[in-house]
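run.cif (mmCIF, C-alpha atoms)
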```
data_query
loop_
_atom_site.label_atom_id
_atom_site.label_comp_id
_atom_site.auth_asym_id
_atom_site.auth_seq_id
_atom_site.Cartn_x
_atom_site.Cartn_y
_atom_site.Cartn_z
CA MET A 1 0.00 0.00 0.00
CA MET A 2 1.41 3.40 -1.01
CA LYS A 3 1.42 6.49 1.18
CA ARG A 4 -0.70 9.05 -0.65
CA ASP A 5 1.83 11.89 -0.48
CA GLU A 6 4.59 9.62 -1.82
CA CYS A 7 2.34 8.46 -4.64
CA LEU A 8 1.45 12.05 -5.54
CA LYS A 9 5.09 13.18 -5.30
CA ALA A 10 6.04 10.46 -7.79
CA LEU A 11 3.49 11.88 -10.22
CA ALA A 12 4.55 15.48 -9.52
CA ARG A 13 8.20 14.70 -10.31
CA ARG A 14 7.20 13.56 -13.81
CA ARG A 15 4.57 16.25 -14.44
CA LYS A 16 5.27 18.52 -17.39
CA ASP A 17 2.36 20.62 -18.64
CA GLU A 18 -0.54 18.33 -17.80
CA VAL A 19 -3.82 19.73 -16.50
CA VAL A 20 -4.54 18.00 -13.19
CA VAL A 21 -8.07 17.78 -11.82
CA ALA A 22 -8.02 16.80 -8.16
CA VAL A 23 -10.70 16.28 -5.53
CA TYR A 24 -10.96 16.31 -1.74
CA THR A 25 -7.96 15.07 0.27
CA ALA A 26 -5.85 14.38 -2.81
CA ALA A 27 -6.55 17.94 -3.95
CA GLN A 28 -5.57 19.38 -0.56
CA GLU A 29 -2.22 17.61 -0.81
CA TRP A 30 -1.68 18.05 -4.56
CA ILE A 31 -1.84 21.86 -4.39
CA HIS A 32 1.15 21.76 -2.00
CA ILE A 33 3.04 18.94 -3.72
CA SER A 34 2.65 20.28 -7.27
CA PRO A 35 1.51 23.91 -7.14
CA SER A 36 0.38 25.17 -10.54
CA GLU A 37 -2.29 27.34 -12.09
CA LEU A 38 -3.15 24.28 -14.17
CA ASN A 39 -4.50 22.52 -11.09
CA PHE A 40 -8.29 22.36 -11.38
CA THR A 41 -10.12 21.73 -8.11
CA PHE A 42 -13.40 23.56 -8.67
CA VAL A 43 -15.70 20.58 -9.09
CA GLY A 44 -18.70 21.96 -7.17
CA ALA A 45 -20.13 18.70 -5.86
CA MET A 46 -18.88 15.27 -4.81
CA GLY A 47 -18.31 12.87 -7.67
CA GLN A 48 -17.98 15.51 -10.34
CA GLY A 49 -14.19 15.54 -10.83
CA SER A 50 -14.10 13.01 -13.66
CA SER A 51 -16.88 14.82 -15.53
CA HIS A 52 -15.16 18.21 -15.25
CA ALA A 53 -12.01 16.54 -16.50
CA LEU A 54 -13.86 15.11 -19.47
CA GLY A 55 -15.07 18.58 -20.41
CA LEU A 56 -11.52 19.90 -20.16
CA ALA A 57 -10.13 17.01 -22.20
CA LEU A 58 -12.71 17.44 -24.95
CA GLY A 59 -12.34 21.20 -24.97
CA ARG A 60 -8.54 21.03 -25.17
CA PRO A 61 -7.59 17.83 -27.00
CA ASP A 62 -4.05 19.19 -27.36
CA ARG A 63 -3.47 18.97 -23.58
CA ARG A 64 -3.23 15.89 -21.41
CA VAL A 65 -5.65 15.82 -18.51
CA VAL A 66 -4.98 13.75 -15.38
CA VAL A 67 -7.75 13.25 -12.82
CA LEU A 68 -6.98 12.46 -9.18
CA ASP A 69 -10.41 11.07 -8.34
CA GLY A 70 -11.47 9.48 -5.07
CA ASP A 71 -12.97 6.01 -4.69
CA GLY A 72 -16.00 7.37 -2.83
CA SER A 73 -16.26 10.15 -5.40
CA LEU A 74 -16.20 7.75 -8.33
CA LEU A 75 -18.84 5.57 -6.68
CA MET A 76 -21.07 8.65 -6.68
CA ASN A 77 -20.69 9.08 -10.46
CA LEU A 78 -20.13 5.60 -11.85
CA GLY A 79 -22.02 6.44 -15.02
CA SER A 80 -19.19 8.82 -15.87
CA LEU A 81 -17.05 5.76 -16.66
CA VAL A 82 -19.43 4.87 -19.50
CA THR A 83 -19.65 8.48 -20.66
CA ILE A 84 -15.86 8.83 -20.71
CA ALA A 85 -15.34 5.50 -22.47
CA ASN A 86 -17.89 6.51 -25.10
CA ALA A 87 -16.38 9.97 -25.63
CA ALA A 88 -12.96 8.24 -25.76
CA PRO A 89 -10.62 11.20 -25.22
CA LYS A 90 -7.08 10.08 -26.00
CA ASN A 91 -5.70 12.73 -23.63
CA PHE A 92 -7.48 11.45 -20.50
CA ILE A 93 -5.85 9.64 -17.57
CA HIS A 94 -8.23 8.75 -14.76
CA CYS A 95 -6.41 8.01 -11.50
CA VAL A 96 -8.51 6.70 -8.63
CA CYS A 97 -6.97 7.35 -5.21
CA GLU A 98 -8.33 4.24 -3.52
CA ASN A 99 -8.08 4.64 0.24
CA GLY A 100 -11.24 2.65 0.97
CA THR A 101 -12.88 5.45 2.95
CA TYR A 102 -14.79 8.70 2.75
CA GLU A 103 -11.74 10.29 4.33
CA THR A 104 -12.94 13.90 4.25
CA ASN A 105 -16.24 12.91 5.85
CA GLY A 106 -15.00 11.03 8.89
CA ALA A 107 -13.06 8.17 7.25
CA VAL A 108 -16.08 5.86 7.18
CA ALA A 109 -15.44 2.86 4.90
CA ILE A 110 -16.86 2.88 1.38
CA PRO A 111 -19.49 0.24 0.63
CA ASN A 112 -17.98 -3.18 -0.11
CA ARG A 113 -14.50 -1.91 0.69
CA GLY A 114 -11.74 -4.12 -0.60
CA LYS A 115 -14.06 -6.11 -2.86
CA VAL A 116 -14.83 -3.44 -5.47
CA SER A 117 -12.55 -3.52 -8.50
CA PHE A 118 -12.35 -0.01 -9.93
CA ALA A 119 -10.22 -1.29 -12.80
CA GLY A 120 -12.86 -3.96 -13.41
CA LEU A 121 -15.64 -1.36 -13.42
CA ALA A 122 -13.68 0.75 -15.90
CA ARG A 123 -13.02 -2.23 -18.18
CA GLY A 124 -16.68 -3.14 -18.04
CA ALA A 125 -17.59 0.42 -18.95
CA GLY A 126 -15.36 0.26 -22.01
CA TYR A 127 -12.04 1.83 -20.94
CA PRO A 128 -9.49 0.32 -23.30
CA LYS A 129 -6.69 0.31 -20.69
CA THR A 130 -6.57 -0.05 -16.93
CA TYR A 131 -3.81 -0.43 -14.36
CA GLU A 132 -3.63 -1.16 -10.64
CA PHE A 133 -0.71 -0.16 -8.43
CA ALA A 134 -0.26 -0.87 -4.73
CA ALA A 135 3.52 -0.51 -4.56
CA LEU A 136 5.32 2.79 -5.03
CA ASP A 137 8.18 1.33 -7.07
CA GLU A 138 5.73 -0.24 -9.54
CA TRP A 139 3.89 3.08 -9.91
CA GLU A 140 7.18 4.91 -10.50
CA ARG A 141 8.31 2.32 -13.07
CA ALA A 142 5.04 2.73 -14.97
CA LEU A 143 5.42 6.52 -14.94
CA ASP A 144 9.00 6.22 -16.17
CA GLY A 145 7.76 3.82 -18.83
CA GLY A 146 5.60 6.55 -20.34
CA LEU A 147 2.17 5.92 -18.80
CA LEU A 148 1.36 9.63 -18.92
CA LYS A 149 1.87 9.65 -22.68
CA GLU A 150 -0.23 6.60 -23.50
CA ASP A 151 -3.45 6.99 -25.45
CA GLY A 152 -6.47 7.26 -23.19
CA PRO A 153 -8.85 6.95 -21.70
CA ILE A 154 -6.87 5.05 -19.10
CA LEU A 155 -7.95 4.22 -15.56
CA VAL A 156 -5.20 3.87 -12.96
CA ASP A 157 -6.26 2.45 -9.59
CA LEU A 158 -3.78 3.70 -6.97
CA LYS A 159 -4.16 1.76 -3.72
CA MET A 160 -3.06 4.06 -0.95
CA GLU A 161 -3.30 5.12 2.66
CA PRO A 162 -2.86 8.52 4.27
CA GLY A 163 0.72 9.72 4.57
CA GLU A 164 2.16 13.04 5.67
CA LYS A 165 -0.51 15.62 6.52
CA TYR A 166 -0.72 18.92 4.65
CA PRO A 167 -2.56 22.07 5.68
CA GLU A 168 -6.05 22.40 4.24
CA ASP A 169 -6.65 25.39 1.98
CA PHE A 170 -10.30 25.50 1.02
CA ARG A 171 -9.93 28.95 -0.51
CA ARG A 172 -7.39 27.69 -3.07
CA LEU A 173 -9.55 24.67 -3.78
CA TYR A 174 -12.88 26.36 -4.30
CA ASN A 175 -12.52 30.10 -4.84
CA VAL A 176 -13.68 31.07 -8.32
CA GLU A 177 -10.82 33.53 -8.79
CA TYR A 178 -8.48 30.53 -9.05
CA ARG A 179 -10.80 28.88 -11.59
CA ASP A 180 -10.65 32.07 -13.65
CA ALA A 181 -6.85 32.11 -13.38
CA PHE A 182 -6.84 28.46 -14.49
CA LYS A 183 -9.00 29.37 -17.50
CA GLN A 184 -6.71 32.23 -18.50
CA THR A 185 -3.56 30.15 -18.07
CA LEU A 186 -4.99 27.30 -20.11
CA ALA A 187 -6.08 29.70 -22.85
CA LYS A 188 -2.51 30.96 -23.19
CA ALA A 189 -0.93 27.51 -22.97
CA MET B 1 -52.74 29.45 -30.25
CA GLU B 2 -49.41 30.49 -31.83
CA ASN B 3 -47.59 27.88 -33.90
CA ALA B 4 -45.00 25.66 -32.26
CA ILE B 5 -41.40 26.76 -32.62
CA LYS B 6 -39.59 25.01 -35.45
CA ALA B 7 -36.71 22.72 -34.58
CA PRO B 8 -34.44 24.05 -37.37
CA ASP B 9 -34.91 27.56 -35.93
CA ILE B 10 -33.75 26.36 -32.50
CA ILE B 11 -30.71 24.67 -34.01
CA ARG B 12 -29.88 27.75 -36.07
CA GLU B 13 -30.03 29.98 -32.98
CA VAL B 14 -27.93 27.58 -30.90
CA LYS B 15 -25.25 27.71 -33.59
CA ARG B 16 -25.57 31.49 -33.81
CA ALA B 17 -24.78 31.64 -30.09
CA GLY B 18 -21.44 29.96 -30.76
CA ILE B 19 -22.30 26.60 -29.27
CA ARG B 20 -20.50 23.60 -30.74
CA PHE B 21 -20.73 21.06 -27.90
CA ILE B 22 -24.08 19.48 -27.10
CA VAL B 23 -24.19 17.45 -23.88
CA ALA B 24 -27.34 15.38 -23.80
CA LEU B 25 -29.63 12.79 -22.35
CA PRO B 26 -32.59 11.82 -24.54
CA ASP B 27 -35.95 13.43 -23.75
CA ARG B 28 -39.13 12.63 -25.63
CA VAL B 29 -39.85 16.33 -26.24
CA THR B 30 -36.53 16.99 -27.95
CA SER B 31 -35.05 13.65 -29.08
CA GLU B 32 -36.62 13.35 -32.51
CA ARG B 33 -36.28 16.88 -33.81
CA LEU B 34 -33.37 18.35 -31.86
CA LEU B 35 -31.06 15.64 -30.52
CA LYS B 36 -31.14 13.31 -33.53
CA PRO B 37 -30.45 16.12 -36.03
CA MET B 38 -27.69 17.41 -33.74
CA LEU B 39 -26.12 13.94 -33.60
CA ALA B 40 -26.03 13.95 -37.41
CA ASP B 41 -24.79 17.55 -37.72
CA PRO B 42 -21.03 17.88 -38.29
CA ASP B 43 -21.11 21.36 -36.75
CA PHE B 44 -21.79 19.80 -33.35
CA ARG B 45 -19.87 17.42 -31.10
CA VAL B 46 -22.53 15.61 -29.07
CA VAL B 47 -21.47 14.11 -25.75
CA GLN B 48 -24.03 11.60 -24.51
CA VAL B 49 -24.15 11.32 -20.73
CA CYS B 50 -25.64 8.80 -18.32
CA LYS B 51 -26.89 11.34 -15.77
CA GLU B 52 -27.69 15.03 -15.84
CA ASP B 53 -25.30 16.11 -13.07
CA GLU B 54 -22.29 14.81 -14.97
CA GLY B 55 -23.60 16.79 -17.94
CA MET B 56 -23.41 19.99 -15.90
CA SER B 57 -19.83 19.22 -14.95
CA ILE B 58 -18.82 18.45 -18.52
CA CYS B 59 -20.26 21.82 -19.58
CA SER B 60 -18.38 23.47 -16.70
CA GLY B 61 -15.13 21.81 -17.79
CA LEU B 62 -15.74 22.86 -21.38
CA TYR B 63 -16.26 26.44 -20.21
CA ALA B 64 -12.93 26.36 -18.36
CA ALA B 65 -11.38 25.09 -21.59
CA GLY B 66 -12.81 28.05 -23.49
CA GLN B 67 -15.71 26.25 -25.21
CA ARG B 68 -19.45 26.91 -25.25
CA ALA B 69 -21.86 24.05 -24.60
CA LEU B 70 -25.56 23.33 -24.36
CA LEU B 71 -27.03 20.75 -21.95
CA LEU B 72 -30.12 19.10 -23.44
CA ILE B 73 -32.16 17.18 -20.83
CA GLN B 74 -35.65 16.53 -19.45
CA TYR B 75 -37.17 18.43 -16.52
CA THR B 76 -37.06 15.30 -14.36
CA GLY B 77 -33.28 15.26 -14.73
CA LEU B 78 -33.11 18.93 -13.87
CA LEU B 79 -35.00 18.27 -10.64
CA ASP B 80 -32.77 15.27 -9.93
CA SER B 81 -29.62 17.37 -10.23
CA LEU B 82 -30.33 20.35 -8.02
CA ASN B 83 -27.23 19.85 -5.87
CA ALA B 84 -25.03 19.96 -8.96
CA MET B 85 -26.94 23.06 -10.04
CA ARG B 86 -26.12 24.58 -6.66
CA GLY B 87 -22.47 23.62 -6.60
CA VAL B 88 -21.32 23.35 -10.19
CA ALA B 89 -23.43 25.98 -11.92
CA ILE B 90 -24.12 28.62 -9.27
CA GLU B 91 -21.37 28.49 -6.65
CA CYS B 92 -18.67 27.81 -9.24
CA LYS B 93 -20.15 30.54 -11.48
CA SER B 94 -20.37 28.34 -14.56
CA PRO B 95 -22.49 29.66 -17.44
CA ILE B 96 -24.27 26.39 -18.08
CA CYS B 97 -26.99 26.72 -20.71
CA PHE B 98 -29.82 24.23 -20.39
CA MET B 99 -32.55 23.23 -22.81
CA VAL B 100 -35.05 21.31 -20.74
CA GLY B 101 -38.01 19.44 -22.21
CA LEU B 102 -41.21 19.83 -20.22
CA LEU B 103 -42.58 16.39 -21.02
CA GLY B 104 -46.34 16.32 -20.57
CA LYS B 105 -46.97 20.06 -20.45
CA GLU B 106 -50.10 20.96 -22.35
CA PRO B 107 -49.33 23.21 -25.41
CA GLY B 108 -50.16 26.85 -24.73
CA VAL B 109 -50.54 26.35 -20.98
CA PRO B 110 -48.05 28.18 -18.73
CA PRO B 111 -45.81 25.70 -16.86
CA LYS B 112 -47.13 26.82 -13.48
CA GLN B 113 -50.66 25.88 -14.61
CA ALA B 114 -49.77 22.47 -16.06
CA LYS B 115 -51.69 19.46 -14.83
CA ARG B 116 -48.50 17.63 -13.87
CA TYR B 117 -47.11 18.50 -10.45
CA GLY B 118 -43.54 17.95 -11.66
CA ILE B 119 -43.92 20.61 -14.34
CA ARG B 120 -45.77 23.07 -12.11
CA VAL B 121 -42.86 23.16 -9.66
CA VAL B 122 -40.05 23.73 -12.19
CA GLU B 123 -40.32 27.53 -12.36
CA PRO B 124 -40.80 28.00 -8.58
CA VAL B 125 -37.74 25.81 -7.93
CA LEU B 126 -35.66 27.81 -10.42
CA ASP B 127 -36.93 31.06 -8.91
CA ALA B 128 -35.99 29.87 -5.41
CA MET B 129 -32.48 29.12 -6.69
CA GLN B 130 -32.35 32.50 -8.47
CA ILE B 131 -31.80 30.87 -11.86
CA GLU B 132 -32.85 32.69 -15.03
CA HIS B 133 -35.32 30.83 -17.20
CA GLU B 134 -37.18 31.29 -20.46
CA LEU B 135 -40.08 29.39 -21.99
CA ILE B 136 -39.30 28.37 -25.59
CA GLU B 137 -42.51 27.11 -27.14
CA THR B 138 -43.81 29.22 -30.02
CA GLU B 139 -42.33 30.57 -33.25
CA SER B 140 -41.62 33.99 -31.81
CA ASP B 141 -39.64 32.47 -28.92
CA SER B 142 -36.67 31.70 -31.17
CA THR B 143 -35.48 35.28 -30.65
CA LYS B 144 -34.99 34.54 -26.93
CA ILE B 145 -32.32 31.90 -27.43
CA VAL B 146 -29.21 33.89 -28.36
CA PRO B 147 -29.80 36.63 -25.74
CA ALA B 148 -30.39 34.01 -23.03
CA ILE B 149 -27.12 32.27 -23.84
CA GLU B 150 -25.19 35.52 -24.10
CA ARG B 151 -26.55 36.65 -20.73
CA ALA B 152 -25.41 33.41 -19.12
CA TYR B 153 -21.84 34.03 -20.31
CA GLU B 154 -21.96 37.68 -19.27
CA ARG B 155 -23.31 36.90 -15.80
CA LEU B 156 -21.35 33.64 -15.34
CA ALA B 157 -24.59 32.05 -14.25
CA PRO B 158 -26.79 29.25 -15.55
CA VAL B 159 -29.84 29.77 -17.74
CA VAL B 160 -32.65 27.30 -18.30
CA MET B 161 -34.55 27.39 -21.59
CA MET B 162 -37.68 25.32 -21.07
CA ILE B 163 -38.92 23.62 -24.22
CA GLY B 164 -42.67 23.74 -23.69
CA ARG B 165 -43.72 21.32 -26.43
CA GLU B 166 -42.19 19.20 -29.14
CA PRO B 167 -40.78 21.57 -31.77
CA ALA B 168 -42.26 21.45 -35.26
CA ARG B 169 -40.28 20.18 -38.26
#
```

Would it be possible to restate this file's structure as structure tokens?
Amino acid sequence: MMKRDECLKALARRRKDEVVVAVYTAAQEWIHISPSELNFTFVGAMGQGSSHALGLALGRPDRRVVVLDGDGSLLMNLGSLVTIANAAPKNFIHCVCENGTYETNGAVAIPNRGKVSFAGLARGAGYPKTYEFAALDEWERALDGGLLKEDGPILVDLKMEPGEKYPEDFRRLYNVEYRDAFKQTLAKA
Amino acid sequence: MENAIKAPDIIREVKRAGIRFIVALPDRVTSERLLKPMLADPDFRVVQVCKEDEGMSICSGLYAAGQRALLLIQYTGLLDSLNAMRGVAIECKSPICFMVGLLGKEPGVPPKQAKRYGIRVVEPVLDAMQIEHELIETESDSTKIVPAIERAYERLAPVVMMIGREPAR
């Protein structure tokens, strides 16, 4: 099982100009680990990260879009897997931060924890490629092997547990001025 | 009673408003004469969704990517997605433009006076959420479409265009 911050740091070290859509605890940590105006965290309601990312990927097919979704979040919007598979954006990498809990809401376990296969759900929905990583070195090897450049949509199930704690910054996550800055930065990119 | 709005006029106005992405779930009021022609129209990219709330978020993402989109759904889906309307459209200031079929509304009858409870409550719910709305039902209503969409982008707020009956050919 990977520590979440180590898993995110591995991604951050290989990040170039990707748009990253992040939700909840992963978002709180990602904005410290990989600060950028191309971090999109303004998803409005639980479960909506993957759908915002699809809009970004379709609107800017020249940019790669990485989603740091949650397992509880994805369970709230499972239909998005079918929608994404059908839209088939080649620039879309859907990472699921699987910690097995609704961590932001009291760390209560998700339904059927440990028995749900997010990669299996994605394959069943029509994702052409899926991966599962529970070990940091395997995740890093896949990143070094060019996973971020592969044709999407890809689902990457990252099995993790909480690591180092980072300060919460709800203003950075949800204030619309940052969304507008994101929009302007993306328009120039 | 004034003639029903023509579907080609709606499509023309949607294009005139600069919309190229249609995000949609089928609705009996609009499927035959709006959604199916849009699916066949090379000027549009249609994204079919499984649920209306994800449609709002796709439109919001498209806006952040500099694109204009229209969300084509049924009123039942609108009512089902009020939390996404709150969070994605209003609190995130996303100019999401809806076309919402009022399935079962009697032609010529104002939505608040429809026989169906679900239709009668649509406008009061939108009013309570301070969401702009327009009824698009008759030929003269086609002139409302471009201004409604432009206002949404100026105000960074959602607008709901209610399709009051099946458009004519």

Shell of 6 Å around segment 123-139 of chain B, all atoms listed in the file, local chain residues under 6 positions omitted, as an mmCIF file with C-alpha atoms, in the frame of the given file:
```cif
data_model
loop_
_atom_site.group_PDB
_atom_site.id
_atom_site.type_symbol
_atom_site.label_atom_id
_atom_site.label_comp_id
_atom_site.auth_asym_id
_atom_site.auth_seq_id
_atom_site.Cartn_x
_atom_site.Cartn_y
_atom_site.Cartn_z
ATOM 1 C CA ASN B 3 -47.590 27.880 -33.900
ATOM 2 C CA ALA B 4 -45.000 25.660 -32.260
ATOM 3 C CA ILE B 5 -41.400 26.760 -32.620
ATOM 4 C CA VAL B 159 -29.840 29.770 -17.740
ATOM 5 C CA VAL B 160 -32.650 27.300 -18.300
ATOM 6 C CA MET B 161 -34.550 27.390 -21.590
ATOM 7 C CA MET B 162 -37.680 25.320 -21.070
ATOM 8 C CA ILE B 163 -38.920 23.620 -24.220
ATOM 9 C CA GLY B 164 -42.670 23.740 -23.690
ATOM 10 C CA ARG B 165 -43.720 21.320 -26.430
#
```

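Residue-level contacts from chain B to chain A at 7 Å, counting all atoms listed in the file, read Val47, Gln48, Val49, Cys50, Lys51, Glu54, Ser57, Ile58, Cys59, Ser60, Gly61, Leu62, Ala64, Ala65, Gly66, Gln67, Ala84, Gly87, Val88 and Cys92 of chain B.
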
Emit the selected residues as a short mmCIF file (atom, residue, chain, number, x, y, z; two decimals), in the frame of the given file, including C-alpha atoms.
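Written out: part.cif:
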```cif
data_model
loop_
_atom_site.label_atom_id
_atom_site.label_comp_id
_atom_site.auth_asym_id
_atom_site.auth_seq_id
_atom_site.Cartn_x
_atom_site.Cartn_y
_atom_site.Cartn_z
CA VAL B 47 -21.47 14.11 -25.75
CA GLN B 48 -24.03 11.60 -24.51
CA VAL B 49 -24.15 11.32 -20.73
CA CYS B 50 -25.64 8.80 -18.32
CA LYS B 51 -26.89 11.34 -15.77
CA GLU B 54 -22.29 14.81 -14.97
CA SER B 57 -19.83 19.22 -14.95
CA ILE B 58 -18.82 18.45 -18.52
CA CYS B 59 -20.26 21.82 -19.58
CA SER B 60 -18.38 23.47 -16.70
CA GLY B 61 -15.13 21.81 -17.79
CA LEU B 62 -15.74 22.86 -21.38
CA ALA B 64 -12.93 26.36 -18.36
CA ALA B 65 -11.38 25.09 -21.59
CA GLY B 66 -12.81 28.05 -23.49
CA GLN B 67 -15.71 26.25 -25.21
CA ALA B 84 -25.03 19.96 -8.96
CA GLY B 87 -22.47 23.62 -6.60
CA VAL B 88 -21.32 23.35 -10.19
CA CYS B 92 -18.67 27.81 -9.24
#
```

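Here atom CA of Ile154 of chain A and atom CA of Val23 of chain A stand 18.0 Å from one another.
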
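Note that the spacing between atom CA of Ala89 of chain B and atom CA of Leu156 of chain B amounts to 8.6 Å.
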
Take the PyMOL selection byres ((chain B and resi 146) around 12), run it mentally on this structure, and tell me the resulting residues as an mmCIF file with C-alpha atoms, keeping the file's coordinate frame.
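Result file is selection_30.cif:
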```cif
data_model
loop_
_atom_site.group_PDB
_atom_site.id
_atom_site.type_symbol
_atom_site.label_atom_id
_atom_site.label_comp_id
_atom_site.auth_asym_id
_atom_site.auth_seq_id
_atom_site.Cartn_x
_atom_site.Cartn_y
_atom_site.Cartn_z
ATOM 1 C CA ASP B 9 -34.910 27.560 -35.930
ATOM 2 C CA ILE B 10 -33.750 26.360 -32.500
ATOM 3 C CA ILE B 11 -30.710 24.670 -34.010
ATOM 4 C CA ARG B 12 -29.880 27.750 -36.070
ATOM 5 C CA GLU B 13 -30.030 29.980 -32.980
ATOM 6 C CA VAL B 14 -27.930 27.580 -30.900
ATOM 7 C CA LYS B 15 -25.250 27.710 -33.590
ATOM 8 C CA ARG B 16 -25.570 31.490 -33.810
ATOM 9 C CA ALA B 17 -24.780 31.640 -30.090
ATOM 10 C CA GLY B 18 -21.440 29.960 -30.760
ATOM 11 C CA ILE B 19 -22.300 26.600 -29.270
ATOM 12 C CA LEU B 70 -25.560 23.330 -24.360
ATOM 13 C CA CYS B 97 -26.990 26.720 -20.710
ATOM 14 C CA GLU B 134 -37.180 31.290 -20.460
ATOM 15 C CA ILE B 136 -39.300 28.370 -25.590
ATOM 16 C CA ASP B 141 -39.640 32.470 -28.920
ATOM 17 C CA SER B 142 -36.670 31.700 -31.170
ATOM 18 C CA THR B 143 -35.480 35.280 -30.650
ATOM 19 C CA LYS B 144 -34.990 34.540 -26.930
ATOM 20 C CA ILE B 145 -32.320 31.900 -27.430
ATOM 21 C CA PRO B 147 -29.800 36.630 -25.740
ATOM 22 C CA ALA B 148 -30.390 34.010 -23.030
ATOM 23 C CA ILE B 149 -27.120 32.270 -23.840
ATOM 24 C CA GLU B 150 -25.190 35.520 -24.100
ATOM 25 C CA ARG B 151 -26.550 36.650 -20.730
ATOM 26 C CA ALA B 152 -25.410 33.410 -19.120
ATOM 27 C CA TYR B 153 -21.840 34.030 -20.310
ATOM 28 C CA VAL B 159 -29.840 29.770 -17.740
ATOM 29 C CA MET B 161 -34.550 27.390 -21.590
#
```

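Proximity to Arg120 of chain B at 10 Å, evaluated using only C-alpha atoms and with sequence-adjacent residues fewer than 4 positions away removed, yields Leu102, Lys105, Pro110, Pro111, Lys112, Gln113, Ala114, Lys115, Arg116, Pro124 and Val125 of chain B.
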